[in-house]
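Please read the structure below before turning to the comments.
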Number of protein chains: 2
Amino acid sequence: MIATAEVSTRTGRAKATLDPAELDLIDRYWRAANYLSVGQIYLMDNPLLAEPLLPEHVKPRLLGHWGTTPGLNLLYAHMNRAIRNRDLNALYITGPGHGGPGLVANAYLEGTYTEVYPAIGQDAEGIRRLFRQFSFPGGIPSHVAPETPGSIHEGGELGYSIVHAYGAAFDNPDLVVLCVVGDGEAETGPLAASWHSNKFLNPATDGAVLPVLHLNGYKIANPTVLARIPESELADLLRGYGYEPLFVTGSDPALVHEQLATTLDAALDDIADIQRRARSGDGAGDGSRPRWPMLVLRTPKGWTGPATVDGLPVEGTFRSHQVPLAETRTNAQHRSQLEEWLRSYRPEELFDEGGALRPELQALAPQGGRRMSANLHANGGLLLRDLVMPDFRDYAVTLERPGTQMSEATRVMGEFVRDIITANPDNFRVMGPDETASNRLGAVFEVTSRTWNAETVAGDDHLAPDGRVMEVLSEHLCEGWLEGYLLTGRHGLFNCYEAFIHLVDSMFNQHAKWLKTTRHIPWRAPIASLNYLLTSHVWRQDHNGLSHQDPGFIDHVVNKKSEVVRVYLPPDTNTLLSVADHCLRSRHYVNVIVAGKQPALAYLTMDEAIAHCTRGLGIWPWAGNTDAEPDVVLACAGDVPTLEVVAAADLLRRHLPDLKVRVINVVDLMRLEPDTEHPHGLSDRDFDALFTRDKPVVFAYHGYPSLIHRLTYRRNNHHNIHVRGYREEGTTTTPFDMVMMNDLDRFRLVMDVIDRVPSLGSRAANLRQDMSDRRLAARAYTREHGEDDPSIADWRWTGV
Amino acid sequence: MIATAEVSTRTGRAKATLDPAELDLIDRYWRAANYLSVGQIYLMDNPLLAEPLLPEHVKPRLLGHWGTTPGLNLLYAHMNRAIRNRDLNALYITGPGHGGPGLVANAYLEGTYTEVYPAIGQDAEGIRRLFRQFSFPGGIPSHVAPETPGSIHEGGELGYSIVHAYGAAFDNPDLVVLCVVGDGEAETGPLAASWHSNKFLNPATDGAVLPVLHLNGYKIANPTVLARIPESELADLLRGYGYEPLFVTGSDPALVHEQLATTLDAALDDIADIQRRARSGDGAGDGSRPRWPMLVLRTPKGWTGPATVDGLPVEGTFRSHQVPLAETRTNAQHRSQLEEWLRSYRPEELFDEGGALRPELQALAPQGGRRMSANLHANGGLLLRDLVMPDFRDYAVTLERPGTQMSEATRVMGEFVRDIITANPDNFRVMGPDETASNRLGAVFEVTSRTWNAETVAGDDHLAPDGRVMEVLSEHLCEGWLEGYLLTGRHGLFNCYEAFIHLVDSMFNQHAKWLKTTRHIPWRAPIASLNYLLTSHVWRQDHNGLSHQDPGFIDHVVNKKSEVVRVYLPPDTNTLLSVADHCLRSRHYVNVIVAGKQPALAYLTMDEAIAHCTRGLGIWPWAGNTDAEPDVVLACAGDVPTLEVVAAADLLRRHLPDLKVRVINVVDLMRLEPDTEHPHGLSDRDFDALFTRDKPVVFAYHGYPSLIHRLTYRRNNHHNIHVRGYREEGTTTTPFDMVMMNDLDRFRLVMDVIDRVPSLGSRAANLRQDMSDRRLAARAYTREHGEDDPSIADWRWTGV
């Protein structure tokens, strides 16, 4: 209240912001949205209460969330007023996405819903259908789902409203993103950290985010933390986050309307001032971070709903979270209360006899693309421009012979990414949790900086408000910003330590579900893919050890619909370039690329790399020793496993020259699945041609071995596939000791081959013993010297 | 600085806290820890610099993190002083766990290290070994790993220091947990939310957490956000979090020592005052939440290290994050700087000629269990008491015939948990993200409340400072608190919506790695298992739809070492009781229990349930129709799949009475794995006896089908196993529509059987068509009526 008073003073308003007529109109609009929201939760017929409410008018299963909805509708109505008055380009992000009925109601009131779903007309029959479909089999989901026009944020899993809002605002200088944060959501970790996104927003070239912390006081069954600390403490917290909180508190609609209109005007004035200062000659680039305004809206949960039900308080308590009246089919008292509740909105003042919204209320909605439900940014694929791509072949490392020259794959990729940044200055960003340089993408800093709008000091390294690289020590923020950026029609790359990408497992889930669902919504246009570059991977955590070793994100990803997930394991620099080019051009996928950052051998020329990546997997003839049917297949996926397989093939070639060895490298992991399971899958015939129908296959894989079995269990030769991979053994140690700890090393692979080709006889037995001895010697050397035996560490391919 | 001044005034100190002698001693102790830290990172010989530093004295691979270490050592030395002066029972939680050398150094200085690792003696040879083993093959990891005495928090993955600290403090009224939070870590979501843990701490019955935000200003390559906002804004933020921040700032050791000693005294005085007020008659229970003190320590990153290297500033910048001098073997200048750096600590003043810490410094360490490195709470298994367990059989639901009576499994389990809470009032807690009632464990509120120390209002439901149920809308906080509670020797249960447990995938990873590693550390005692009850599962998200549907946590869990993970899918109430009893008594595992909360059929009497759970899986003779070798096996795991399989078996029995059907239910998922892979695994012989060697198996599984293939791919009959499960199809719909969308429904299972037993002939073809028609009819009914056909929804088993 204090802050509100300040606002009034500051803006010098003596008279009311809303005159009585406007207040009445905005209240009616709010009531219309509330009516349509309650109707969706409860009614399957009699939509305008043309007759008394009967049991059969009510849905048999009551599913939905009322509690948050009136607050969402209130903000929508007031934001519409601001959009009209200021010609704002605005998005509405609904943190409490459970309030789906509210956002559907508003899209319907604005006409957008009927435009994209013509069966839901602007009449009584349309309203009946609108009500019936909600949370109904064959209908629409209960949240602010992809099916809801104007949404880029389902809000089913809580915590990401602010990151999505900022992601949408970046590089959209005229966009205002209203972001409603539920006080339940505000308890989550990602949300608590994401307030600091304001240190990464450039007022000159980015849009604005206007957060609204909606304190309705309760979660499912509990009060919320932020509603139960003194208001002064909450104000401290939000100021500490860098915002100027403006409080709007009340439960009398007329008073709240006036207060909210005044405060929203003040906040939008502040935003306009901040942007004007940053963008005009005077004061622009003075480096000071603005204190952005935000709103704290404290209104009752389930406001305007039943005050009490069965003698217990409901409005203003956690009991209004979902469906306040639960037995409206069987309990006449409940049904009567429901009818009373619905009629309290006076639908006859809102809709004409035919069910059309009355014209004076229609006039309150913005027009065309200014409607938040029809804003193009919420259907970002429509705004998507192709990336301007330099030719990735220009960055190729040259090599005369495979397996003899070293390069750092991600370092070279960094040059490619650098030039993509240059060519796409306003619609491509790189995200990373403080690891972009550590991941050796440092070339990007030749042309750009890290986004930074907090304080700087002498000696700072590449910080700037308009940097294209966003680094914060939170994978959640990186992921969420990028999701918001992609969903509004831009491109990006998230580079991350492999182990810690698990932090966003659940965010990935939600994004993959969004992509899966939107593929089947005709009016949604495809967006750019979510591209992960996972590096500093399990095999090279020399500094960090076991806590930093986990290759399981791939397993997590492949649980999602095959139509949206892709996994690539480029074995060297040129294949990484080819894969990266492919992924950055792709649409509507999640692409996971796992690649090393350490100096490693290059195997393929660029032409070979392109051919190999196009096929996704293939025989490396130079590494094997036969064009004919082999005695054994050595397969590999991932850079370190490839090194060990090639070195094992070298040992076999020297010591068992008669053994016919075929080496297969897999770049596109989904090729291993049957073509009936994944669009990239190989046919059984092609798989058999590569992996044979009956010969032993020793497969060295980057991650947990079970995944290879999972992908290949239907294959004819599956019982012959023996997989080595990470088996959760690791510590702070040398690279070769790591592969030895997990039985992925070249000597062990040779032993595996010998164990699976019994016809090799006694000569092999001697070799097996020799391999075993060399393992022991390698370990002894390492423990003595603290580094790997140079004969292993400096090994090069000498064949061809 | 302001706050520090206030402190001085408030405590009325006119003279210095440290007299010159004490200041000198504490500085020497700090230098000793710093010396030992640098030595660990760099040296493999010449530990006391008895001779000039030669290349061969330096490790060939320099791995470790210097930047954070001097600050950690400083706090350790000062905390030791406080422990001695106040006889504190204290733990040290190291958020920046990368500073492992510091904590190892302190454990060594206190003698604990030598006690648990006698080969590392208190002499020059011991120091040589201490140095050499660090980050060395066959040695110890670089972080504050399980191998480090005094640690319950590795700090490899950042974000969990505060939640672990609070978890340790709960129900340990005399414990003080010093918790160092790195300013990098402070950017993470979990950490940002976890400051609010103070609303869940009861000053009367819990211990205290003293957070120290260590602002050394930099992450790997970037400044940190909290170091680059005005100090007043930071103070607002921390006050908003409910703390009173006390600032200590400086780079002159003598000044910082004095300031830190004064401020730490003030903070510990405040803590003592708060506890005294809460625990004495006067003022206790007045319900007001205290404002706990915390420290903000602003000192240079890499403090006391090289100021510049190769012309670039290092001390006080991000360049000191890891190894400031990188080429000490090959670059004489670097080596000379290293020697100078080491000698700057004047080792001759710290250790005697033999390498023993000088007696006056030894005297600075606390004694015995007061040493933070030897505090029993950091080896919680030593303090662990068995839970007092009521007899779970007393809660059994009775049933005369299988599949005819309904019960809500978690509701009954709630009664069991209620009585566990009563019987274990000070060492058992239930955690949940605001879902304990929603998950139908509500019986617990008959005997306890939700932990809550923030404001309350009339009408609040079961909130109390000493409640045993901890609810906050953050899975991260629930998981972290519980981990801290378990690691310090207590018990607990985490109940969670199944889909959102993925939020803690990465936390689970770290805990499972901790358990795996500590199994092989002899001085670490086993702790209670981490028990997850996942409910509100994928098949029953009627309110919420696709965003709330994800059964993949199981897949994630089984990637970890089989010696620490267990997964249970009890099909009904009595089996859930039996499984819960087993899990709560177990040690050092992660147990995942997935169970429904909705009314569902009961199949087994308690005696049958115990026998079934003891075996882990088994034939349900009443559901099948043969004791002989079957024609087909119907297998199931999970409550909803079990219902569909039993109903399918019923259809087969009626319509194809000659078909010999065996029904197998799996409770303990790990039984499917070979006994060579998991301790619970079945032998191939036993597996074959159940699943046959050659008959078709139709397996209805709760989660993603691939997991069953993954667990069984080595089995003889694997090629005959056909799995139905969740395939990422879902929305807000009815229960039966959900199983139909994923082809897991009874009719589809009958069709699957027919498709796999071709000998059934034309009669089966008619039945197949009938099943297909019934699916269409079921869908049509649901879309018409909005609920499931009662003949399906109310189906009961009629056999036996």
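We label chains A, B, ... in the order they appear in the structure tokens, count residues from 1 in each chain, and number ligands from 1 in the order shown.
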
Among segment 474-675 of chain B, which residues carry a DSSP assignment of alpha helix (DSSP H), reported as a PyMOL selection string?
chain B and resi 475-487+505-518+553-557+573-585+606-615+639-655

According to DSSP computed on the backbone, where in segment 480-710 of chain A is there strand (DSSP E)? Give the residues as a PyMOL selection string.
chain A and resi 491-497+530-535+565-568+590-594+599-601+617-619+632-637+661-666+697-701

Just want the 9 Å neighbourhood of Ala208 of chain A, counted on only C-alpha atoms, with same-chain residues fewer than 3 positions away dropped. Output as a list of chain:residue names.
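Answer for this query is A:Ala165, A:Tyr166, A:Ala169, A:Phe170, A:Asn172, A:Pro173, A:Asp174, A:Leu175, A:Val176, A:Val177, A:Leu178, A:Leu201, A:Pro203, A:Ile271, A:Gln275, A:Trp292.
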
For chain B, work out the contacting residues on chain A at 6 Å, counting only C-alpha atoms, and write them as a PyMOL selection string.
chain A and resi 63-64+135-137+141+156+187-190+192-193+228+233-234+236-237+240+454-455+473-474+502-503+506+543+547+710+731-733+783+786

Excluding same-chain residues fewer than 6 positions from Val564 of chain A, what lies within 7 Å of it counting only C-alpha atoms, as number ranges by chain?
A: 512, 515-516, 588-590

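Going from atom CA of Thr573 of chain A over to atom CA of Pro390 of chain A, you cover 16.6 Å.
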
Using only C-alpha atoms, determine which residues lie at most 9 Å from Ala648 of chain A, disregarding the query and same-chain residues fewer than 5 positions distant; provide the list as a ChimeraX atom specification.
/A:634,643,653,745-750

If we count only C-alpha atoms and set the cut-off at 9 Å, which residues sit around Leu36 of chain B, ignoring sequence neighbours fewer than 5 positions away in its own chain? Please answer as number ranges by chain.
B: 31, 41, 47, 101-102, 104-106, 108, 127, 130-131

Return the single residue from A:His257, A:Arg279, A:Arg343, A:Arg540 that is closest to Tyr35 of chain A, with distances computed using only C-alpha atoms.
A:Arg343

Considering only C-alpha atoms, return as number ranges by chain whatever protein or nucleic-acid residues lie within 8 Å of Gly167 of chain A, sequence-local ones (same chain, fewer than 2 positions apart) excluded.
A: 163-165, 169-170, 480-486

Would you save the residues from that selection as an mmCIF file, in the first residue's frame, using all heavy atoms?
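Output (out_0.cif):
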```cif
data_model
loop_
_atom_site.group_PDB
_atom_site.id
_atom_site.type_symbol
_atom_site.label_atom_id
_atom_site.label_comp_id
_atom_site.auth_asym_id
_atom_site.auth_seq_id
_atom_site.Cartn_x
_atom_site.Cartn_y
_atom_site.Cartn_z
ATOM 1 N N VAL A 163 11.857 -16.820 -16.408
ATOM 2 C CA VAL A 163 12.886 -17.093 -17.428
ATOM 3 C C VAL A 163 12.277 -17.107 -18.820
ATOM 4 O O VAL A 163 12.893 -16.621 -19.780
ATOM 5 C CB VAL A 163 13.667 -18.396 -17.164
ATOM 6 C CG1 VAL A 163 14.760 -18.139 -16.157
ATOM 7 C CG2 VAL A 163 12.782 -19.554 -16.739
ATOM 8 N N HIS A 164 11.101 -17.651 -18.952
ATOM 9 C CA HIS A 164 10.463 -17.616 -20.267
ATOM 10 C C HIS A 164 10.151 -16.180 -20.687
ATOM 11 O O HIS A 164 10.305 -15.809 -21.850
ATOM 12 C CB HIS A 164 9.193 -18.470 -20.255
ATOM 13 C CG HIS A 164 9.459 -19.946 -20.318
ATOM 14 N ND1 HIS A 164 8.516 -20.900 -20.057
ATOM 15 C CD2 HIS A 164 10.589 -20.630 -20.627
ATOM 16 C CE1 HIS A 164 9.038 -22.111 -20.195
ATOM 17 N NE2 HIS A 164 10.307 -21.972 -20.522
ATOM 18 N N ALA A 165 9.719 -15.383 -19.721
ATOM 19 C CA ALA A 165 9.391 -13.990 -20.040
ATOM 20 C C ALA A 165 10.632 -13.231 -20.515
ATOM 21 O O ALA A 165 10.595 -12.523 -21.524
ATOM 22 C CB ALA A 165 8.780 -13.311 -18.816
ATOM 23 N N ALA A 169 11.691 -11.514 -24.119
ATOM 24 C CA ALA A 169 11.976 -10.075 -24.216
ATOM 25 C C ALA A 169 13.324 -9.771 -24.883
ATOM 26 O O ALA A 169 13.491 -8.706 -25.491
ATOM 27 C CB ALA A 169 11.944 -9.444 -22.821
ATOM 28 N N PHE A 170 14.278 -10.718 -24.740
ATOM 29 C CA PHE A 170 15.605 -10.435 -25.306
ATOM 30 C C PHE A 170 15.490 -10.149 -26.805
ATOM 31 O O PHE A 170 14.839 -10.891 -27.552
ATOM 32 C CB PHE A 170 16.555 -11.621 -25.096
ATOM 33 C CG PHE A 170 16.871 -11.899 -23.646
ATOM 34 C CD1 PHE A 170 16.964 -13.214 -23.186
ATOM 35 C CD2 PHE A 170 17.089 -10.878 -22.753
ATOM 36 C CE1 PHE A 170 17.269 -13.481 -21.850
ATOM 37 C CE2 PHE A 170 17.398 -11.126 -21.412
ATOM 38 C CZ PHE A 170 17.477 -12.438 -20.962
ATOM 39 N N GLY A 480 15.850 -21.935 -19.498
ATOM 40 C CA GLY A 480 14.587 -21.205 -19.577
ATOM 41 C C GLY A 480 14.676 -19.986 -20.484
ATOM 42 O O GLY A 480 13.761 -19.716 -21.271
ATOM 43 N N TRP A 481 15.768 -19.250 -20.369
ATOM 44 C CA TRP A 481 15.945 -18.109 -21.280
ATOM 45 C C TRP A 481 15.918 -18.592 -22.737
ATOM 46 O O TRP A 481 15.278 -17.983 -23.589
ATOM 47 C CB TRP A 481 17.285 -17.414 -21.011
ATOM 48 C CG TRP A 481 17.379 -16.623 -19.751
ATOM 49 C CD1 TRP A 481 16.356 -16.129 -18.993
ATOM 50 C CD2 TRP A 481 18.600 -16.205 -19.098
ATOM 51 N NE1 TRP A 481 16.865 -15.440 -17.914
ATOM 52 C CE2 TRP A 481 18.225 -15.459 -17.953
ATOM 53 C CE3 TRP A 481 19.948 -16.382 -19.367
ATOM 54 C CZ2 TRP A 481 19.167 -14.892 -17.088
ATOM 55 C CZ3 TRP A 481 20.893 -15.822 -18.506
ATOM 56 C CH2 TRP A 481 20.501 -15.088 -17.381
ATOM 57 N N LEU A 482 16.662 -19.670 -22.980
ATOM 58 C CA LEU A 482 16.741 -20.156 -24.361
ATOM 59 C C LEU A 482 15.376 -20.642 -24.839
ATOM 60 O O LEU A 482 14.970 -20.360 -25.974
ATOM 61 C CB LEU A 482 17.787 -21.266 -24.471
ATOM 62 C CG LEU A 482 18.004 -21.830 -25.880
ATOM 63 C CD1 LEU A 482 18.314 -20.743 -26.895
ATOM 64 C CD2 LEU A 482 19.113 -22.882 -25.875
ATOM 65 N N GLU A 483 14.655 -21.340 -23.988
ATOM 66 C CA GLU A 483 13.313 -21.783 -24.384
ATOM 67 C C GLU A 483 12.437 -20.586 -24.761
ATOM 68 O O GLU A 483 11.755 -20.596 -25.783
ATOM 69 C CB GLU A 483 12.654 -22.571 -23.242
ATOM 70 C CG GLU A 483 13.241 -23.958 -23.031
ATOM 71 C CD GLU A 483 12.632 -24.686 -21.825
ATOM 72 O OE1 GLU A 483 11.742 -24.120 -21.160
ATOM 73 O OE2 GLU A 483 13.053 -25.820 -21.564
ATOM 74 N N GLY A 484 12.473 -19.551 -23.908
ATOM 75 C CA GLY A 484 11.662 -18.371 -24.202
ATOM 76 C C GLY A 484 12.092 -17.706 -25.503
ATOM 77 O O GLY A 484 11.259 -17.204 -26.270
ATOM 78 N N TYR A 485 13.379 -17.722 -25.748
ATOM 79 C CA TYR A 485 13.934 -17.106 -26.967
ATOM 80 C C TYR A 485 13.501 -17.900 -28.205
ATOM 81 O O TYR A 485 13.088 -17.331 -29.214
ATOM 82 C CB TYR A 485 15.451 -17.090 -26.808
ATOM 83 C CG TYR A 485 16.225 -16.116 -27.672
ATOM 84 C CD1 TYR A 485 16.109 -14.743 -27.494
ATOM 85 C CD2 TYR A 485 17.117 -16.581 -28.642
ATOM 86 C CE1 TYR A 485 16.853 -13.852 -28.264
ATOM 87 C CE2 TYR A 485 17.872 -15.705 -29.414
ATOM 88 C CZ TYR A 485 17.733 -14.341 -29.226
ATOM 89 O OH TYR A 485 18.472 -13.468 -29.982
ATOM 90 N N LEU A 486 13.571 -19.225 -28.102
ATOM 91 C CA LEU A 486 13.189 -20.078 -29.229
ATOM 92 C C LEU A 486 11.681 -20.015 -29.488
ATOM 93 O O LEU A 486 11.244 -19.957 -30.638
ATOM 94 C CB LEU A 486 13.578 -21.529 -28.955
ATOM 95 C CG LEU A 486 15.061 -21.835 -28.764
ATOM 96 C CD1 LEU A 486 15.253 -23.308 -28.380
ATOM 97 C CD2 LEU A 486 15.862 -21.521 -30.026
#
```

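With only C-alpha atoms as the atoms that count, the residue of A:Val388, A:Val739, A:Val666, A:Leu268 with the shortest distance to Pro571 of chain A is A:Val666.
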
Just give me the gap between atom CA of Cys179 of chain B and atom CA of Leu72 of chain B in Å, one decimal is fine.
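Rounded to one decimal, the two atoms are 10.4 Å apart.
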
Quick check, in Å to one decimal: how far apart do atom CA of Leu656 of chain A and atom CA of Val640 of chain A lie?
23.5 Å

Choose the residue, out of A:Leu364, A:Val698, A:Leu54, A:Ala356, that has the smallest atom-to-atom separation from Ile83 of chain A; count only C-alpha atoms.
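Of the candidates, the smallest distance to Ile83 of chain A is held by A:Leu364.
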
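Closest approach to Leu533 of chain A from the set A:Ala409, A:Cys613, A:Ala628, A:Leu760 is made by A:Ala409, with distances taken over only C-alpha atoms.
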